[in-house]
$ cat data_5.pdb   # PDB, C-alpha atoms
ATOM      1  CA  MET S 784      62.230  23.434 124.119
ATOM      2  CA  LEU S 785      64.601  20.524 124.678
ATOM      3  CA  LYS S 786      67.238  21.180 127.348
ATOM      4  CA  LEU S 787      70.413  19.187 127.859
ATOM      5  CA  ASN S 788      70.914  17.235 131.043
ATOM      6  CA  VAL S 789      74.032  17.945 133.123
ATOM      7  CA  LYS S 790      76.127  15.202 131.520
ATOM      8  CA  GLN S 791      75.202  16.295 127.992
ATOM      9  CA  LYS S 792      75.880  19.938 128.852
ATOM     10  CA  ASN S 793      79.287  19.032 130.284
ATOM     11  CA  TRP S 794      80.231  17.106 127.131
ATOM     12  CA  LEU S 795      79.162  20.005 124.947
ATOM     13  CA  LEU S 796      80.986  22.466 127.198
ATOM     14  CA  SER S 797      84.122  20.294 127.011
ATOM     15  CA  ALA S 798      83.944  20.349 123.217
ATOM     16  CA  HIS S 799      83.455  24.130 123.288
ATOM     17  CA  ILE S 800      86.483  24.622 125.539
ATOM     18  CA  SER S 801      88.561  22.287 123.352
ATOM     19  CA  PHE S 802      87.685  24.246 120.210
ATOM     20  CA  ALA S 803      88.518  27.526 121.957
ATOM     21  CA  ALA S 804      91.858  26.141 123.145
ATOM     22  CA  LEU S 805      92.709  24.869 119.653
ATOM     23  CA  TRP S 806      91.754  28.203 118.116
ATOM     24  CA  THR S 807      93.826  30.176 120.628
ATOM     25  CA  GLY S 808      96.847  27.880 120.423
ATOM     26  CA  ALA S 809      96.858  27.848 116.631
ATOM     27  CA  VAL S 810      96.600  31.640 116.390
ATOM     28  CA  LEU S 811      99.406  31.988 118.943
ATOM     29  CA  SER S 812     101.485  29.591 116.829
ATOM     30  CA  MET S 813     100.707  31.674 113.751
ATOM     31  CA  PHE S 814     101.928  34.761 115.598
ATOM     32  CA  LEU S 815     105.182  33.061 116.599
ATOM     33  CA  LEU S 816     105.788  31.839 113.041
ATOM     34  CA  SER S 817     104.953  35.284 111.715
ATOM     35  CA  PHE S 818     107.382  36.850 114.179
ATOM     36  CA  LYS S 819     110.119  34.441 113.072
ATOM     37  CA  ASN S 820     109.218  35.307 109.495
ATOM     38  CA  THR S 821     110.350  38.923 109.935
ATOM     39  CA  ASN S 822     114.034  38.023 109.974
ATOM     40  CA  SER S 823     114.220  35.007 107.695
ATOM     41  CA  THR S 824     117.492  34.741 105.754
ATOM     42  CA  ASN S 825     116.611  31.750 103.595
ATOM     43  CA  ALA S 826     114.063  31.838 100.762
ATOM     44  CA  GLN S 827     112.850  28.288 101.390
ATOM     45  CA  ALA S 828     112.479  28.978 105.108
ATOM     46  CA  LEU S 829     110.528  32.170 104.371
ATOM     47  CA  TYR S 830     108.126  30.267 102.146
ATOM     48  CA  ALA S 831     107.901  27.368 104.633
ATOM     49  CA  LEU S 832     106.982  29.751 107.448
ATOM     50  CA  ASN S 833     104.266  31.401 105.336
ATOM     51  CA  LEU S 834     103.012  27.985 104.248
ATOM     52  CA  ALA S 835     102.905  26.792 107.890
ATOM     53  CA  ILE S 836     100.946  29.908 108.889
ATOM     54  CA  ASN S 837      98.349  29.151 106.227
ATOM     55  CA  LEU S 838      98.217  25.454 107.072
ATOM     56  CA  LEU S 839      97.479  26.328 110.696
ATOM     57  CA  ASP S 840      94.812  28.759 109.545
ATOM     58  CA  ASP S 841      93.203  26.379 107.047
ATOM     59  CA  TYR S 842      93.278  23.177 109.082
ATOM     60  CA  ILE S 843      93.103  24.288 112.720
ATOM     61  CA  VAL S 844      91.945  27.900 113.099
ATOM     62  CA  ILE S 845      89.013  27.806 110.686
ATOM     63  CA  PRO S 846      87.603  24.429 111.845
ATOM     64  CA  SER S 847      88.113  25.260 115.527
ATOM     65  CA  ALA S 848      86.487  28.692 115.130
ATOM     66  CA  ILE S 849      83.520  27.057 113.409
ATOM     67  CA  GLY S 850      83.402  24.384 116.123
ATOM     68  CA  SER S 851      83.556  27.026 118.825
ATOM     69  CA  VAL S 852      80.704  29.021 117.301
ATOM     70  CA  LEU S 853      78.567  25.909 116.738
ATOM     71  CA  THR S 854      79.068  24.565 120.258
ATOM     72  CA  ALA S 855      78.405  28.044 121.690
ATOM     73  CA  THR S 856      75.189  28.220 119.706
ATOM     74  CA  PHE S 857      74.020  24.874 121.060
ATOM     75  CA  LEU S 858      75.047  25.821 124.611
ATOM     76  CA  CYS S 859      72.982  28.996 124.400
ATOM     77  CA  TRP S 860      70.069  27.292 122.728
ATOM     78  CA  MET S 861      69.882  24.099 124.790
ATOM     79  CA  THR S 862      70.848  25.312 128.277
ATOM     80  CA  ASN S 863      69.767  28.074 130.628
ATOM     81  CA  TYR S 864      72.519  30.391 129.331
ATOM     82  CA  GLY S 865      70.325  31.654 126.505
ATOM     83  CA  PHE S 866      71.522  34.120 123.891
ATOM     84  CA  THR S 867      70.646  37.370 125.678
ATOM     85  CA  LYS S 868      70.108  36.520 129.355
ATOM     86  CA  PHE S 869      73.646  37.362 130.462
ATOM     87  CA  TYR S 870      75.847  40.317 129.605
ATOM     88  CA  TRP S 871      78.936  38.072 129.424
ATOM     89  CA  VAL S 872      77.282  35.831 126.801
ATOM     90  CA  ILE S 873      76.342  38.847 124.691
ATOM     91  CA  THR S 874      79.905  40.177 124.962
ATOM     92  CA  LYS S 875      81.330  36.803 123.927
ATOM     93  CA  TRP S 876      79.060  36.712 120.871
ATOM     94  CA  ILE S 877      80.058  40.221 119.808
ATOM     95  CA  VAL S 878      83.801  39.646 120.251
ATOM     96  CA  THR S 879      83.729  36.190 118.653
ATOM     97  CA  THR S 880      81.775  37.498 115.670
ATOM     98  CA  GLY S 881      84.335  40.277 115.307
ATOM     99  CA  LEU S 882      87.187  37.763 115.419
ATOM    100  CA  VAL S 883      85.576  35.544 112.785
ATOM    101  CA  VAL S 884      84.864  38.509 110.488
ATOM    102  CA  PHE S 885      88.390  39.903 110.944
ATOM    103  CA  GLY S 886      89.947  36.493 110.312
ATOM    104  CA  THR S 887      87.796  35.806 107.268
ATOM    105  CA  PHE S 888      88.080  39.121 105.465
ATOM    106  CA  TRP S 889      91.548  40.336 106.500
ATOM    107  CA  LEU S 890      93.797  37.864 108.280
ATOM    108  CA  PHE S 891      93.109  34.858 106.021
ATOM    109  CA  PRO S 892      93.637  36.819 102.753
ATOM    110  CA  TRP S 893      96.785  38.519 104.082
ATOM    111  CA  GLY S 894      98.285  35.133 104.900
ATOM    112  CA  ASN S 895      97.423  33.727 101.474
ATOM    113  CA  VAL S 896      98.947  36.687  99.647
ATOM    114  CA  ALA S 897     102.112  36.546 101.765
ATOM    115  CA  GLU S 898     102.489  32.828 101.015
ATOM    116  CA  ASN S 899     101.977  33.326  97.273
ATOM    117  CA  ILE S 900     104.459  36.188  97.045
ATOM    118  CA  SER S 901     107.107  34.383  99.108
ATOM    119  CA  SER S 902     106.779  31.266  96.932
ATOM    120  CA  LYS S 903     107.462  33.321  93.776
ATOM    121  CA  GLU S 904     109.888  35.982  94.994
ATOM    122  CA  GLY S 905     111.769  34.317  97.834
ATOM    123  CA  LEU S 906     113.774  36.806  99.891
ATOM    124  CA  GLN S 907     112.895  39.551  97.403
ATOM    125  CA  SER S 908     109.476  39.439  99.064
ATOM    126  CA  PHE S 909     110.866  41.748 101.748
ATOM    127  CA  HIS S 910     111.170  44.466  99.051
ATOM    128  CA  ASN S 911     107.575  43.977  97.891
ATOM    129  CA  SER S 912     105.273  46.520  99.556
ATOM    130  CA  ILE S 913     102.256  44.197  99.302
ATOM    131  CA  TYR S 914     104.166  41.381 101.009
ATOM    132  CA  SER S 915     105.416  43.766 103.705
ATOM    133  CA  PHE S 916     101.902  45.046 104.391
ATOM    134  CA  ASP S 917     100.311  41.593 104.414
ATOM    135  CA  SER S 918     103.002  39.904 106.492
ATOM    136  CA  GLN S 919     102.838  42.747 109.030
ATOM    137  CA  GLY S 920      99.056  42.410 108.967
ATOM    138  CA  VAL S 921      99.380  38.740 109.857
ATOM    139  CA  LEU S 922     101.859  39.527 112.636
ATOM    140  CA  ILE S 923      99.747  42.274 114.201
ATOM    141  CA  GLY S 924      96.428  40.583 113.427
ATOM    142  CA  THR S 925      97.386  37.324 115.112
ATOM    143  CA  ILE S 926      98.488  39.019 118.319
ATOM    144  CA  ILE S 927      95.219  40.993 118.346
ATOM    145  CA  GLN S 928      93.316  37.729 117.886
ATOM    146  CA  VAL S 929      95.236  36.060 120.724
ATOM    147  CA  VAL S 930      94.524  38.952 123.088
ATOM    148  CA  PHE S 931      90.807  38.926 122.289
ATOM    149  CA  LEU S 932      90.596  35.121 122.486
ATOM    150  CA  ILE S 933      92.187  35.212 125.950
ATOM    151  CA  PHE S 934      89.693  37.961 126.870
ATOM    152  CA  VAL S 935      86.799  35.750 125.708
ATOM    153  CA  ILE S 936      88.171  32.776 127.647
ATOM    154  CA  GLY S 937      88.483  34.979 130.737
ATOM    155  CA  ILE S 938      84.877  36.093 130.351
ATOM    156  CA  SER S 939      83.837  32.449 130.055
ATOM    157  CA  VAL S 940      85.534  31.578 133.319
ATOM    158  CA  LEU S 941      84.703  34.686 135.362
ATOM    159  CA  LYS S 942      81.204  35.339 133.950
ATOM    160  CA  PRO S 943      81.292  39.023 134.915
ATOM    161  CA  TRP S 944      78.497  41.586 134.683
ATOM    162  CA  GLY S 945      75.801  39.146 135.738
ATOM    163  CA  ARG S 946      72.376  38.497 134.397
ATOM    164  CA  ARG S 947      70.350  41.039 132.470
ATOM    165  CA  PRO S 948      67.225  42.142 134.321
ATOM    166  CA  THR S 949      64.015  40.383 133.306
ATOM    167  CA  LYS S 950      60.940  42.342 132.267
ATOM    168  CA  GLU S 951      59.419  41.713 135.693
ATOM    169  CA  GLN S 952      62.505  43.127 137.414
ATOM    170  CA  GLU S 953      62.478  46.163 135.107
ATOM    171  CA  LYS S 954      58.809  46.834 136.018
ATOM    172  CA  VAL S 955      59.610  46.674 139.757
ATOM    173  CA  ILE S 956      62.531  49.066 139.296
ATOM    174  CA  ALA S 957      60.398  51.462 137.226
ATOM    175  CA  ASP S 958      57.563  51.522 139.834
TER     176      ASP S 958
END
$ encode --input "data_5.pdb" --output "structure tokens"
Amino acid sequence: MLKLNVKQKNWLLSAHISFAALWTGAVLSMFLLSFKNTNSTNAQALYALNLAINLLDDYIVIPSAIGSVLTATFLCWMTNYGFTKFYWVITKWIVTTGLVVFGTFWLFPWGNVAENISSKEGLQSFHNSIYSFDSQGVLIGTIIQVVFLIFVIGISVLKPWGRRPTKEQEKVIAD
């Protein structure tokens, strides 16, 4: 199997870190806009905030999440990290997959619905139970995403829990 040299690995790792930073920063921005959205007093501002949340999601979060997953895949495949050699890599895969699934099936649709309702109803959106649920979902969902993204970044830096034992090590332990 082809392995990357140090320079290639560093370039790929730099791209991976950049995608993770973009993803985290954009989701944090979505949270801040969502927080500001809770006390909007102008219909156009309410819609603009919801539109900005979706623009961040569509043009930064989704591409950077895809870029992060793709670069992570290549790092695992083409370096000594592997997919299952280290507990921290396995944890990152599980958490990242959860974040992508949550964003795709809940956060993204909530943001779209909130934008559509606010464009049609203006400030009356605050009296719409669907808008209230979805806008609160975006607010809470984005802060959850930020916390887990920071957790994943921390794991990437600290690399806790070490390497999983190899089959040879397991045999020695069992004997």
$ resolve_selection --input "data_5.pdb" --expression "the PyMOL selection byres ((chain S and resi 826) around 9)" --output "number ranges by chain"
S: 823-825, 827-831, 901-902, 904-907
$ closest_residue --input "data_5.pdb" --among "S:Leu834, S:Val929, S:Ala848, S:Ile873" --to "S:Ser801" --atoms "only C-alpha atoms"
S:Ala848
$ resolve_selection --input "data_5.pdb" --expression "the PyMOL selection byres ((chain S and resi 817) around 9)" --output "ChimeraX atom specification"
/S:812-816,818-821,832-833,836,918-919,921-922,925
$ closest_residue --input "data_5.pdb" --among "S:Val883, S:Leu890, S:Met861, S:Ile926" --to "S:Asn788" --atoms "all atoms listed in the file"
S:Met861
$ residues_around --input "data_5.pdb" --residues "S:Phe891" --least-positions-apart "6" --cutoff "9 Å" --atoms "only C-alpha atoms" --output "list in words"
Asn837, Asp840, Asp841, Phe885 and Val921 of chain S
$ closest_residue --input "data_5.pdb" --among "S:Asn911, S:Thr856, S:Asn863, S:Asn899" --to "S:Lys786" --atoms "only C-alpha atoms"
S:Asn863
$ closest_residue --input "data_5.pdb" --among "S:Ala803, S:Gly894, S:Ile938, S:Ala798" --to "S:Ala835" --atoms "all atoms listed in the file"
S:Gly894
$ atom_distance --input "data_5.pdb" --atom1 "atom CA of S:Gly865" --atom2 "atom CA of S:Val930"
25.5 Å
$ residues_around --input "data_5.pdb" --residues "S:Thr879" --least-positions-apart "5" --cutoff "8 Å" --atoms "all atoms listed in the file" --output "number ranges by chain"
S: 852, 932, 935
$ atom_distance --input "data_5.pdb" --atom1 "atom CA of S:Trp871" --atom2 "atom CA of S:Gly920"
29.0 Å
$ atom_distance --input "data_5.pdb" --atom1 "atom CA of S:Asp917" --atom2 "atom CA of S:Pro892"
8.4 Å
$ closest_residue --input "data_5.pdb" --among "S:Val844, S:Leu838, S:Leu785, S:Ile927" --to "S:Gly881" --atoms "all atoms listed in the file"
S:Ile927
